[in-house]
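Q: One file is attached below, run.pdb, containing PDB, C-alpha atoms.
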```pdb
ATOM      1  CA  MET A   1       0.000   0.000   0.000
ATOM      2  CA  GLN A   2       1.123   3.546  -0.642
ATOM      3  CA  ARG A   3       2.212   5.670   2.315
ATOM      4  CA  ILE A   4      -0.841   7.913   1.960
ATOM      5  CA  ASP A   5      -3.051   4.912   2.645
ATOM      6  CA  PHE A   6      -1.537   4.393   6.098
ATOM      7  CA  ALA A   7      -2.105   8.040   6.924
ATOM      8  CA  ASP A   8      -5.713   7.780   5.766
ATOM      9  CA  LEU A   9      -6.225   4.661   7.865
ATOM     10  CA  GLN A  10      -4.991   6.507  10.939
ATOM     11  CA  VAL A  11      -7.356   9.391  10.179
ATOM     12  CA  PHE A  12     -10.248   6.951   9.804
ATOM     13  CA  LEU A  13      -9.518   5.355  13.192
ATOM     14  CA  THR A  14      -9.273   8.756  14.859
ATOM     15  CA  VAL A  15     -12.614   9.909  13.401
ATOM     16  CA  LEU A  16     -14.256   6.691  14.531
ATOM     17  CA  ARG A  17     -12.874   7.023  18.059
ATOM     18  CA  CYS A  18     -13.786  10.716  18.365
ATOM     19  CA  ARG A  19     -17.186  10.221  16.691
ATOM     20  CA  SER A  20     -16.534  13.583  15.062
ATOM     21  CA  PHE A  21     -14.602  14.907  12.066
ATOM     22  CA  LYS A  22     -14.056  18.206  13.880
ATOM     23  CA  LEU A  23     -12.646  16.634  17.054
ATOM     24  CA  ALA A  24     -10.480  14.273  14.995
ATOM     25  CA  ALA A  25      -9.112  17.248  13.071
ATOM     26  CA  ILE A  26      -8.220  19.051  16.294
ATOM     27  CA  GLU A  27      -6.458  15.965  17.676
ATOM     28  CA  LEU A  28      -4.543  15.332  14.452
ATOM     29  CA  GLY A  29      -3.656  18.972  13.845
ATOM     30  CA  LEU A  30      -5.420  18.960  10.456
ATOM     31  CA  SER A  31      -8.288  20.912   8.954
ATOM     32  CA  SER A  32     -11.758  19.351   8.987
ATOM     33  CA  SER A  33     -11.624  19.391   5.186
ATOM     34  CA  ALA A  34      -8.357  17.423   5.142
ATOM     35  CA  VAL A  35      -9.828  14.817   7.497
ATOM     36  CA  SER A  36     -12.952  14.507   5.355
ATOM     37  CA  HIS A  37     -10.889  14.105   2.176
ATOM     38  CA  ALA A  38      -8.726  11.411   3.794
ATOM     39  CA  VAL A  39     -11.756   9.331   4.771
ATOM     40  CA  ARG A  40     -13.304   9.846   1.332
ATOM     41  CA  ARG A  41     -10.063   8.677  -0.352
ATOM     42  CA  LEU A  42     -10.070   5.543   1.767
ATOM     43  CA  GLU A  43     -13.726   4.786   1.012
ATOM     44  CA  THR A  44     -13.115   5.372  -2.709
ATOM     45  CA  ARG A  45     -10.145   3.014  -2.730
ATOM     46  CA  LEU A  46     -12.139   0.305  -0.955
ATOM     47  CA  ASP A  47     -15.321   1.111  -2.892
ATOM     48  CA  ALA A  48     -17.274   0.921   0.361
ATOM     49  CA  ARG A  49     -18.835   3.215   2.948
ATOM     50  CA  LEU A  50     -17.014   3.040   6.282
ATOM     51  CA  LEU A  51     -18.738   5.825   8.208
ATOM     52  CA  ASN A  52     -22.301   7.066   8.472
ATOM     53  CA  ARG A  53     -22.427  10.852   8.711
ATOM     54  CA  THR A  54     -25.261  13.021   9.937
ATOM     55  CA  SER A  55     -25.331  16.683  10.933
ATOM     56  CA  ARG A  56     -25.009  15.642  14.584
ATOM     57  CA  ALA A  57     -22.999  12.441  14.754
ATOM     58  CA  VAL A  58     -20.616  10.054  13.061
ATOM     59  CA  SER A  59     -21.015   6.315  13.424
ATOM     60  CA  SER A  60     -19.404   3.249  11.894
ATOM     61  CA  THR A  61     -20.951   0.980   9.319
ATOM     62  CA  ALA A  62     -20.621  -2.748   9.925
ATOM     63  CA  LEU A  63     -17.768  -2.869   7.416
ATOM     64  CA  GLY A  64     -16.113   0.143   9.044
ATOM     65  CA  MET A  65     -16.239  -1.469  12.472
ATOM     66  CA  ASP A  66     -14.791  -4.693  11.089
ATOM     67  CA  LEU A  67     -11.954  -2.754   9.451
ATOM     68  CA  ALA A  68     -11.254  -0.802  12.650
ATOM     69  CA  GLU A  69     -11.012  -3.978  14.722
ATOM     70  CA  ARG A  70      -8.601  -5.544  12.213
ATOM     71  CA  LEU A  71      -6.463  -2.405  12.024
ATOM     72  CA  ALA A  72      -6.148  -1.900  15.778
ATOM     73  CA  GLY A  73      -3.722  -4.775  16.309
ATOM     74  CA  GLY A  74      -1.517  -3.674  13.426
ATOM     75  CA  PHE A  75      -1.205  -0.088  14.576
ATOM     76  CA  ASP A  76      -0.580  -1.223  18.145
ATOM     77  CA  ALA A  77       2.272  -3.425  16.910
ATOM     78  CA  ILE A  78       3.783  -0.552  14.913
ATOM     79  CA  SER A  79       3.436   1.820  17.866
ATOM     80  CA  SER A  80       4.975  -0.699  20.257
ATOM     81  CA  ALA A  81       7.933  -1.289  17.932
ATOM     82  CA  LEU A  82       8.657   2.434  17.646
ATOM     83  CA  GLU A  83       8.245   3.093  21.339
ATOM     84  CA  THR A  84      10.449   0.275  22.623
ATOM     85  CA  ILE A  85      13.286   0.400  20.097
ATOM     86  CA  ASN A  86      16.555   1.269  21.814
ATOM     87  CA  ALA A  87      17.295   4.421  19.797
ATOM     88  CA  PRO A  88      18.916   7.597  21.200
ATOM     89  CA  GLY A  89      15.778   9.659  20.770
ATOM     90  CA  ARG A  90      13.215   7.135  21.958
ATOM     91  CA  GLY A  91      12.670   8.982  25.251
ATOM     92  CA  ARG A  92      11.275  11.907  23.295
ATOM     93  CA  PHE A  93       9.002   9.829  21.089
ATOM     94  CA  GLY A  94       5.532  10.838  20.038
ATOM     95  CA  GLU A  95       2.517  12.075  21.895
ATOM     96  CA  LEU A  96       1.135  11.380  25.352
ATOM     97  CA  ARG A  97      -2.502  11.945  26.369
ATOM     98  CA  ILE A  98      -3.422  11.503  30.051
ATOM     99  CA  ASN A  99      -6.734  11.814  31.885
ATOM    100  CA  VAL A 100      -6.362  13.035  35.477
ATOM    101  CA  PHE A 101      -8.786  14.053  38.190
ATOM    102  CA  ALA A 102      -8.302  17.500  39.679
ATOM    103  CA  ASP A 103      -6.612  16.625  42.987
ATOM    104  CA  ALA A 104      -4.103  14.359  41.241
ATOM    105  CA  ALA A 105      -3.348  17.081  38.710
ATOM    106  CA  HIS A 106      -2.657  19.538  41.533
ATOM    107  CA  LEU A 107      -0.561  17.159  43.647
ATOM    108  CA  LEU A 108       1.225  15.025  41.049
ATOM    109  CA  ILE A 109       1.154  16.390  37.518
ATOM    110  CA  THR A 110       1.832  20.087  38.105
ATOM    111  CA  PRO A 111       5.031  19.486  40.158
ATOM    112  CA  ALA A 112       6.308  17.057  37.504
ATOM    113  CA  LEU A 113       5.769  19.202  34.401
ATOM    114  CA  GLN A 114       9.048  21.107  34.436
ATOM    115  CA  ALA A 115      11.207  17.993  34.771
ATOM    116  CA  PHE A 116       9.133  16.186  32.146
ATOM    117  CA  SER A 117       9.425  19.038  29.644
ATOM    118  CA  GLU A 118      13.206  19.044  30.109
ATOM    119  CA  ARG A 119      13.625  15.272  29.698
ATOM    120  CA  CYS A 120      11.030  14.793  26.939
ATOM    121  CA  ALA A 121      11.310  18.086  25.109
ATOM    122  CA  ASP A 122       9.838  16.760  21.836
ATOM    123  CA  VAL A 123       6.812  14.992  23.299
ATOM    124  CA  LYS A 124       3.382  16.514  22.716
ATOM    125  CA  LEU A 125       1.777  16.199  26.165
ATOM    126  CA  THR A 126      -1.970  16.612  26.652
ATOM    127  CA  ILE A 127      -3.424  16.591  30.179
ATOM    128  CA  VAL A 128      -7.224  16.457  30.433
ATOM    129  CA  ILE A 129      -8.480  17.232  33.938
ATOM    130  CA  GLU A 130     -11.932  15.948  34.858
ATOM    131  CA  ASP A 131     -13.452  14.085  37.773
ATOM    132  CA  ARG A 132     -15.994  11.939  35.921
ATOM    133  CA  PRO A 133     -15.329   8.214  35.426
ATOM    134  CA  VAL A 134     -13.561   7.762  32.078
ATOM    135  CA  ASP A 135     -12.870   4.763  29.830
ATOM    136  CA  ILE A 136      -9.380   5.843  28.823
ATOM    137  CA  THR A 137      -9.114   3.321  25.978
ATOM    138  CA  ALA A 138     -12.419   4.262  24.371
ATOM    139  CA  GLU A 139     -11.681   7.983  24.700
ATOM    140  CA  GLY A 140      -8.189   7.794  23.262
ATOM    141  CA  PHE A 141      -6.018   8.372  26.320
ATOM    142  CA  ASP A 142      -2.668   6.676  26.813
ATOM    143  CA  ALA A 143      -3.071   6.591  30.588
ATOM    144  CA  GLY A 144      -5.065   7.867  33.523
ATOM    145  CA  VAL A 145      -4.629   8.550  37.225
ATOM    146  CA  ARG A 146      -6.965   7.142  39.892
ATOM    147  CA  TYR A 147      -6.813   5.824  43.416
ATOM    148  CA  GLY A 148      -5.612   2.227  43.305
ATOM    149  CA  HIS A 149      -8.891   0.587  44.301
ATOM    150  CA  LEU A 150     -10.689   2.361  41.434
ATOM    151  CA  VAL A 151      -8.428   1.158  38.617
ATOM    152  CA  PRO A 152     -10.220  -1.200  36.175
ATOM    153  CA  GLU A 153      -9.072  -4.793  36.568
ATOM    154  CA  ASP A 154      -7.930  -5.133  32.952
ATOM    155  CA  MET A 155      -5.404  -2.303  33.285
ATOM    156  CA  ILE A 156      -1.790  -2.173  34.417
ATOM    157  CA  ALA A 157      -1.544   0.006  37.532
ATOM    158  CA  VAL A 158       1.630   1.574  38.919
ATOM    159  CA  PRO A 159       1.599   3.320  42.327
ATOM    160  CA  LEU A 160       2.794   6.910  42.229
ATOM    161  CA  THR A 161       2.673   7.621  45.976
ATOM    162  CA  GLY A 162       2.293   5.908  49.297
ATOM    163  CA  ASP A 163      -1.043   5.636  51.120
ATOM    164  CA  GLN A 164      -2.995   8.873  51.356
ATOM    165  CA  GLN A 165      -4.383  10.198  54.642
ATOM    166  CA  TRP A 166      -7.863  11.724  54.819
ATOM    167  CA  ILE A 167      -8.633  14.207  57.583
ATOM    168  CA  ILE A 168     -11.313  16.599  58.822
ATOM    169  CA  ALA A 169     -10.374  20.267  58.984
ATOM    170  CA  ALA A 170     -12.037  23.605  59.637
ATOM    171  CA  SER A 171     -11.111  27.245  60.038
ATOM    172  CA  PRO A 172     -10.231  28.594  63.512
ATOM    173  CA  ASP A 173     -13.163  30.995  63.139
ATOM    174  CA  TYR A 174     -15.640  28.148  62.564
ATOM    175  CA  LEU A 175     -14.333  26.214  65.563
ATOM    176  CA  GLU A 176     -14.516  29.299  67.745
ATOM    177  CA  ARG A 177     -18.154  29.855  66.798
ATOM    178  CA  HIS A 178     -19.360  26.238  66.804
ATOM    179  CA  GLY A 179     -16.925  24.404  69.052
ATOM    180  CA  THR A 180     -14.438  21.643  68.302
ATOM    181  CA  PRO A 181     -15.757  18.088  67.791
ATOM    182  CA  TYR A 182     -14.003  15.467  69.922
ATOM    183  CA  THR A 183     -16.017  12.342  69.069
ATOM    184  CA  LEU A 184     -17.660  11.109  65.887
ATOM    185  CA  SER A 185     -21.075  11.616  67.453
ATOM    186  CA  ASP A 186     -20.216  15.322  67.839
ATOM    187  CA  LEU A 187     -20.356  15.654  64.033
ATOM    188  CA  ALA A 188     -24.149  15.491  64.223
ATOM    189  CA  GLN A 189     -24.074  19.000  65.734
ATOM    190  CA  HIS A 190     -21.952  20.500  62.945
ATOM    191  CA  ASN A 191     -22.342  21.686  59.384
ATOM    192  CA  CYS A 192     -20.236  19.333  57.268
ATOM    193  CA  LEU A 193     -19.341  20.312  53.716
ATOM    194  CA  GLN A 194     -20.734  17.545  51.522
ATOM    195  CA  LEU A 195     -18.362  16.040  48.960
ATOM    196  CA  LEU A 196     -19.751  14.997  45.565
ATOM    197  CA  LEU A 197     -18.004  12.277  43.565
ATOM    198  CA  GLY A 198     -17.342  12.312  39.826
ATOM    199  CA  ASN A 199     -20.705  10.637  39.176
ATOM    200  CA  ASN A 200     -22.448  13.266  41.373
ATOM    201  CA  ALA A 201     -23.113  10.779  44.183
ATOM    202  CA  SER A 202     -22.633  12.077  47.726
ATOM    203  CA  PHE A 203     -19.511  10.719  49.407
ATOM    204  CA  ARG A 204     -19.831   9.157  52.848
ATOM    205  CA  TRP A 205     -16.945  10.175  55.105
ATOM    206  CA  GLU A 206     -14.596   7.320  55.971
ATOM    207  CA  LEU A 207     -13.052   7.757  59.425
ATOM    208  CA  GLY A 208     -10.750   5.648  61.561
ATOM    209  CA  LYS A 209      -7.999   3.170  60.810
ATOM    210  CA  ALA A 210      -7.908  -0.416  59.520
ATOM    211  CA  GLU A 211     -10.618  -2.600  61.057
ATOM    212  CA  ASN A 212     -11.913   0.344  63.080
ATOM    213  CA  THR A 213     -12.865   2.380  59.997
ATOM    214  CA  VAL A 214     -16.445   3.645  59.958
ATOM    215  CA  THR A 215     -18.362   5.164  57.056
ATOM    216  CA  MET A 216     -20.702   7.995  57.955
ATOM    217  CA  ASN A 217     -23.404  10.120  56.401
ATOM    218  CA  VAL A 218     -22.671  13.529  57.906
ATOM    219  CA  PRO A 219     -25.076  16.480  58.142
ATOM    220  CA  GLY A 220     -24.564  19.559  56.031
ATOM    221  CA  LEU A 221     -26.358  22.073  53.839
ATOM    222  CA  ILE A 222     -23.639  22.700  51.244
ATOM    223  CA  SER A 223     -22.587  20.112  48.638
ATOM    224  CA  ILE A 224     -19.543  20.765  46.452
ATOM    225  CA  LYS A 225     -17.946  18.677  43.703
ATOM    226  CA  ASP A 226     -14.671  20.610  43.477
ATOM    227  CA  THR A 227     -11.907  20.363  46.089
ATOM    228  CA  ALA A 228     -10.595  23.880  45.570
ATOM    229  CA  THR A 229     -14.072  25.317  46.179
ATOM    230  CA  THR A 230     -14.494  23.123  49.261
ATOM    231  CA  ILE A 231     -11.196  24.403  50.644
ATOM    232  CA  SER A 232     -12.352  27.981  50.068
ATOM    233  CA  ALA A 233     -15.652  27.268  51.824
ATOM    234  CA  ALA A 234     -13.848  25.741  54.804
ATOM    235  CA  ARG A 235     -11.450  28.691  54.994
ATOM    236  CA  ALA A 236     -14.461  31.018  54.981
ATOM    237  CA  GLY A 237     -15.805  29.268  58.091
ATOM    238  CA  LEU A 238     -18.791  27.608  56.421
ATOM    239  CA  GLY A 239     -18.247  24.160  57.913
ATOM    240  CA  LEU A 240     -16.065  21.136  58.513
ATOM    241  CA  GLY A 241     -14.392  19.721  55.435
ATOM    242  CA  TYR A 242     -13.095  16.248  54.579
ATOM    243  CA  PHE A 243      -9.786  16.428  52.693
ATOM    244  CA  LEU A 244      -6.677  14.658  51.583
ATOM    245  CA  GLU A 245      -4.145  15.934  54.098
ATOM    246  CA  SER A 246      -1.587  16.465  51.325
ATOM    247  CA  ARG A 247      -4.114  18.602  49.441
ATOM    248  CA  ILE A 248      -4.416  21.146  52.279
ATOM    249  CA  GLU A 249      -0.842  20.987  53.534
ATOM    250  CA  GLU A 250      -0.278  24.676  52.772
ATOM    251  CA  GLU A 251      -3.476  25.739  54.561
ATOM    252  CA  LEU A 252      -2.559  23.665  57.620
ATOM    253  CA  THR A 253       0.941  25.175  57.712
ATOM    254  CA  GLN A 254      -0.479  28.683  57.460
ATOM    255  CA  GLY A 255      -3.035  27.950  60.187
ATOM    256  CA  VAL A 256      -6.016  28.983  58.069
ATOM    257  CA  LEU A 257      -7.331  25.420  58.460
ATOM    258  CA  VAL A 258      -6.958  23.245  61.556
ATOM    259  CA  LYS A 259      -7.123  19.465  61.730
ATOM    260  CA  VAL A 260      -9.796  18.056  64.069
ATOM    261  CA  LEU A 261     -10.579  14.497  65.192
ATOM    262  CA  GLY A 262      -7.003  13.563  64.334
ATOM    263  CA  ASP A 263      -7.355  10.122  65.941
ATOM    264  CA  PHE A 264      -9.970   9.296  63.316
ATOM    265  CA  ALA A 265      -7.870  10.223  60.279
ATOM    266  CA  ALA A 266      -8.211   7.457  57.686
ATOM    267  CA  TYR A 267      -5.680   6.012  55.288
ATOM    268  CA  GLY A 268      -6.731   5.536  51.670
ATOM    269  CA  ALA A 269      -5.236   3.933  48.584
ATOM    270  CA  PRO A 270      -2.233   5.519  46.836
ATOM    271  CA  PHE A 271      -2.546   7.379  43.569
ATOM    272  CA  HIS A 272      -1.879   5.078  40.603
ATOM    273  CA  MET A 273      -1.054   5.666  36.961
ATOM    274  CA  TYR A 274      -2.924   3.076  34.908
ATOM    275  CA  TYR A 275      -2.820   2.094  31.244
ATOM    276  CA  SER A 276      -3.460  -0.809  28.904
ATOM    277  CA  SER A 277      -0.751  -3.370  28.204
ATOM    278  CA  ARG A 278      -0.033  -1.823  24.790
ATOM    279  CA  ARG A 279       1.142   1.392  26.505
ATOM    280  CA  HIS A 280       3.537  -0.477  28.800
ATOM    281  CA  GLY A 281       6.643   0.439  26.811
ATOM    282  CA  HIS A 282       5.804   4.067  26.030
ATOM    283  CA  PRO A 283       9.069   5.806  27.012
ATOM    284  CA  ALA A 284       7.532   9.216  27.714
ATOM    285  CA  LEU A 285       4.873   7.672  29.947
ATOM    286  CA  ARG A 286       7.502   5.735  31.897
ATOM    287  CA  GLU A 287       9.526   8.942  32.232
ATOM    288  CA  LEU A 288       6.536  10.807  33.673
ATOM    289  CA  VAL A 289       5.756   7.947  36.048
ATOM    290  CA  ASN A 290       9.349   7.867  37.273
ATOM    291  CA  ILE A 291       9.476  11.625  37.816
ATOM    292  CA  ILE A 292       6.351  11.490  39.970
ATOM    293  CA  ARG A 293       7.524   8.411  41.886
ATOM    294  CA  GLN A 294      10.892  10.041  42.622
ATOM    295  CA  GLN A 295       9.187  13.218  43.842
ATOM    296  CA  HIS A 296       7.166  11.126  46.273
ATOM    297  CA  GLY A 297      10.024   9.041  47.615
ATOM    298  CA  LEU A 298       9.489   5.899  45.517
ATOM    299  CA  GLN A 299      12.052   4.080  43.377
ATOM    300  CA  SER A 300      11.996   4.462  39.608
ATOM    301  CA  LEU A 301      10.580   1.666  37.505
ATOM    302  CA  PRO A 302      13.260  -0.697  36.188
ATOM    303  CA  ASP A 303      14.237  -0.362  32.532
ATOM    304  CA  LEU A 304      12.378  -2.585  30.111
TER     305      LEU A 304
END
```
Would you mind giving the structure from this file in C-alpha cells?

A:
Amino acid sequence: MQRIDFADLQVFLTVLRCRSFKLAAIELGLSSSAVSHAVRRLETRLDARLLNRTSRAVSSTALGMDLAERLAGGFDAISSALETINAPGRGRFGELRINVFADAAHLLITPALQAFSERCADVKLTIVIEDRPVDITAEGFDAGVRYGHLVPEDMIAVPLTGDQQWIIAASPDYLERHGTPYTLSDLAQHNCLQLLLGNNASFRWELGKAENTVTMNVPGLISIKDTATTISAARAGLGLGYFLESRIEEELTQGVLVKVLGDFAAYGAPFHMYYSSRRHGHPALRELVNIIRQQHGLQSLPDL
C-alpha cells in the first residue's frame, strides 16, 4: 500500500474514536476538510462506505467497524515497535494523552511538568483534567490517574505515591463559633461540607484506621464537587471539610485550616497511573511515572 493509505487509515480510526470529524481534526492537527478528504479517499479506494455521517454524529458501518477492529492490532504493533526500540531519541518519542482528576493534577502532575518538559522536550503532552469516570481506551487516552482501588481490573496500575491520609479540617473561626468536635457523634451537631463524587453521588466520610474504619453520612447544607471550592468554603468558616491531608498541607501550615478528630484520620489507597498493556513500553509515559515516583520518595521503575 502507498504511504498515503496508512495516513488515511490513521485518520479513519481517529474519526471513529472521536465520533466527530471536527474533534479528529483538532487531535490530528489537520483541517476538517483534510480529514474529510482522507476518509473519502479511503472509502473510494475500498469502494465501500465506512462511516455514516449526519449533521449531529458520526457512526461506523458494519464494514467500518470490522476494518477498525482488524487495524487496531496492526497499529498497536507498529506503535509498540517504535516506542520500545533502543534508539537515542526514543525517550522523546511521540505524543502522550493523560486523563487526570483535579486533585491528582494539583498534587502530582503540576510538580512534575518542568522535569518532564526538560527530559522529553519533543513529546506533545496533553493533560485532560476531569473528575468523571472515564474509559481511557475508548476515549483515546494513553493513561489515567486514579486511586488504586478504582483502577479497572484489565489495566496495568503503577503506584505513584504511598497511602494517602484523609482528615477533617475547619477554620479557627468556625471552631470558635461552633466548638471543636471530639467524638464522631459530635459531628451530628456540625455543618459538614458535603463532597460529591465524579458521578455526582454524595460521598460518605470514611473515618478511623484499619478494622476500626467507619463510614458515615454527615449532616450539612452545602454540597460541592470541586476540592478547591471546598477548601475555600472551609477557609471562609462555612463548615467542617473532609480532605486529603496532602491537598491542604499549605493551609494547615499557614493555620487557616486546623485538623480536628485527628485520631480518626483514615488512610486511603495511593494514587496510581494506569494504562493498557499496549502502553507499557511508552518511554515518555515511563519517564513521567518515574518523575512522579521520585518526587514522592518511591524508586523508579526498572528499565524494560

Q: Using the chain letters and numbers from this file, what does the PyMOL selection byres ((chain A and resi 232) around 12) select? Give the answer as an NGL selection string.

A: :A and (169-171 or 193 or 224 or 226-231 or 233-241 or 248 or 251 or 256-257)

Q: Starting from the shown file, work through the PyMOL selection byres ((chain A and resi 40) around 12) and note down what comes out as number ranges by chain.

A: A: 5, 8-9, 11-12, 21, 33-39, 41-53

Q: Can you measure atom CA of Glu95 of chain A to atom CA of Ser117 of chain A for me? One decimal in Å is fine.

A: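 It comes out at 12.5 Å.
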
Q: Would you please work out which residue, of A:Trp166, A:Phe6, A:Phe141, A:Phe101, is nearest to Leu285 of chain A when using all atoms listed in the file?

A: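 The closest residue to Leu285 of chain A is A:Phe141.
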
Q: Kindly resolve the PyMOL selection byres ((chain A and resi 161) around 6) on the present coordinates and return the residues as a VMD selection string.

A: chain A and resid 159 to 160 162 270 to 271 296

Q: Find the residue from A:Met273, A:Ile156, A:Leu150, A:Leu187 that sits nearest to Val100 of chain A; use all atoms listed in the file when measuring.

A: A:Met273

Q: Mind completing segment 112-126 of chain A with N, CA, C and O atoms? Output as a PDB file, in the frame of the given file, please?

A:
```pdb
ATOM      1  N   ALA A 112       5.443  17.866  38.375  1.00  0.00           N
ATOM      2  CA  ALA A 112       6.308  17.057  37.504  1.00  0.00           C
ATOM      3  C   ALA A 112       6.516  17.674  36.129  1.00  0.00           C
ATOM      4  O   ALA A 112       7.373  17.209  35.370  1.00  0.00           O
ATOM      5  N   LEU A 113       5.766  18.700  35.774  1.00  0.00           N
ATOM      6  CA  LEU A 113       5.769  19.202  34.401  1.00  0.00           C
ATOM      7  C   LEU A 113       7.123  19.768  33.979  1.00  0.00           C
ATOM      8  O   LEU A 113       7.564  19.533  32.847  1.00  0.00           O
ATOM      9  N   GLN A 114       7.776  20.504  34.838  1.00  0.00           N
ATOM     10  CA  GLN A 114       9.048  21.107  34.436  1.00  0.00           C
ATOM     11  C   GLN A 114      10.091  20.038  34.116  1.00  0.00           C
ATOM     12  O   GLN A 114      10.753  20.090  33.075  1.00  0.00           O
ATOM     13  N   ALA A 115      10.229  19.059  35.013  1.00  0.00           N
ATOM     14  CA  ALA A 115      11.207  17.993  34.771  1.00  0.00           C
ATOM     15  C   ALA A 115      10.847  17.199  33.521  1.00  0.00           C
ATOM     16  O   ALA A 115      11.724  16.824  32.737  1.00  0.00           O
ATOM     17  N   PHE A 116       9.551  16.946  33.329  1.00  0.00           N
ATOM     18  CA  PHE A 116       9.133  16.186  32.146  1.00  0.00           C
ATOM     19  C   PHE A 116       9.453  16.954  30.870  1.00  0.00           C
ATOM     20  O   PHE A 116       9.958  16.381  29.898  1.00  0.00           O
ATOM     21  N   SER A 117       9.171  18.253  30.853  1.00  0.00           N
ATOM     22  CA  SER A 117       9.425  19.038  29.644  1.00  0.00           C
ATOM     23  C   SER A 117      10.911  19.112  29.321  1.00  0.00           C
ATOM     24  O   SER A 117      11.299  19.231  28.156  1.00  0.00           O
ATOM     25  N   GLU A 118      11.760  19.029  30.341  1.00  0.00           N
ATOM     26  CA  GLU A 118      13.206  19.044  30.109  1.00  0.00           C
ATOM     27  C   GLU A 118      13.702  17.703  29.575  1.00  0.00           C
ATOM     28  O   GLU A 118      14.556  17.656  28.688  1.00  0.00           O
ATOM     29  N   ARG A 119      13.154  16.606  30.100  1.00  0.00           N
ATOM     30  CA  ARG A 119      13.625  15.272  29.698  1.00  0.00           C
ATOM     31  C   ARG A 119      12.975  14.786  28.408  1.00  0.00           C
ATOM     32  O   ARG A 119      13.558  13.963  27.694  1.00  0.00           O
ATOM     33  N   CYS A 120      11.769  15.251  28.127  1.00  0.00           N
ATOM     34  CA  CYS A 120      11.030  14.793  26.939  1.00  0.00           C
ATOM     35  C   CYS A 120      10.601  16.014  26.142  1.00  0.00           C
ATOM     36  O   CYS A 120       9.406  16.255  25.927  1.00  0.00           O
ATOM     37  N   ALA A 121      11.585  16.785  25.712  1.00  0.00           N
ATOM     38  CA  ALA A 121      11.310  18.086  25.109  1.00  0.00           C
ATOM     39  C   ALA A 121      10.498  18.000  23.826  1.00  0.00           C
ATOM     40  O   ALA A 121       9.815  18.955  23.458  1.00  0.00           O
ATOM     41  N   ASP A 122      10.535  16.871  23.122  1.00  0.00           N
ATOM     42  CA  ASP A 122       9.838  16.760  21.836  1.00  0.00           C
ATOM     43  C   ASP A 122       8.494  16.068  21.938  1.00  0.00           C
ATOM     44  O   ASP A 122       7.818  15.859  20.929  1.00  0.00           O
ATOM     45  N   VAL A 123       8.089  15.694  23.135  1.00  0.00           N
ATOM     46  CA  VAL A 123       6.812  14.992  23.299  1.00  0.00           C
ATOM     47  C   VAL A 123       5.665  15.997  23.367  1.00  0.00           C
ATOM     48  O   VAL A 123       5.740  16.997  24.081  1.00  0.00           O
ATOM     49  N   LYS A 124       4.601  15.707  22.630  1.00  0.00           N
ATOM     50  CA  LYS A 124       3.382  16.514  22.716  1.00  0.00           C
ATOM     51  C   LYS A 124       2.540  15.948  23.858  1.00  0.00           C
ATOM     52  O   LYS A 124       1.973  14.870  23.749  1.00  0.00           O
ATOM     53  N   LEU A 125       2.462  16.668  24.958  1.00  0.00           N
ATOM     54  CA  LEU A 125       1.777  16.199  26.165  1.00  0.00           C
ATOM     55  C   LEU A 125       0.423  16.891  26.302  1.00  0.00           C
ATOM     56  O   LEU A 125       0.339  18.121  26.289  1.00  0.00           O
ATOM     57  N   THR A 126      -0.625  16.084  26.435  1.00  0.00           N
ATOM     58  CA  THR A 126      -1.970  16.612  26.652  1.00  0.00           C
ATOM     59  C   THR A 126      -2.498  16.072  27.972  1.00  0.00           C
ATOM     60  O   THR A 126      -2.555  14.854  28.164  1.00  0.00           O
TER      61      THR A 126
END
```
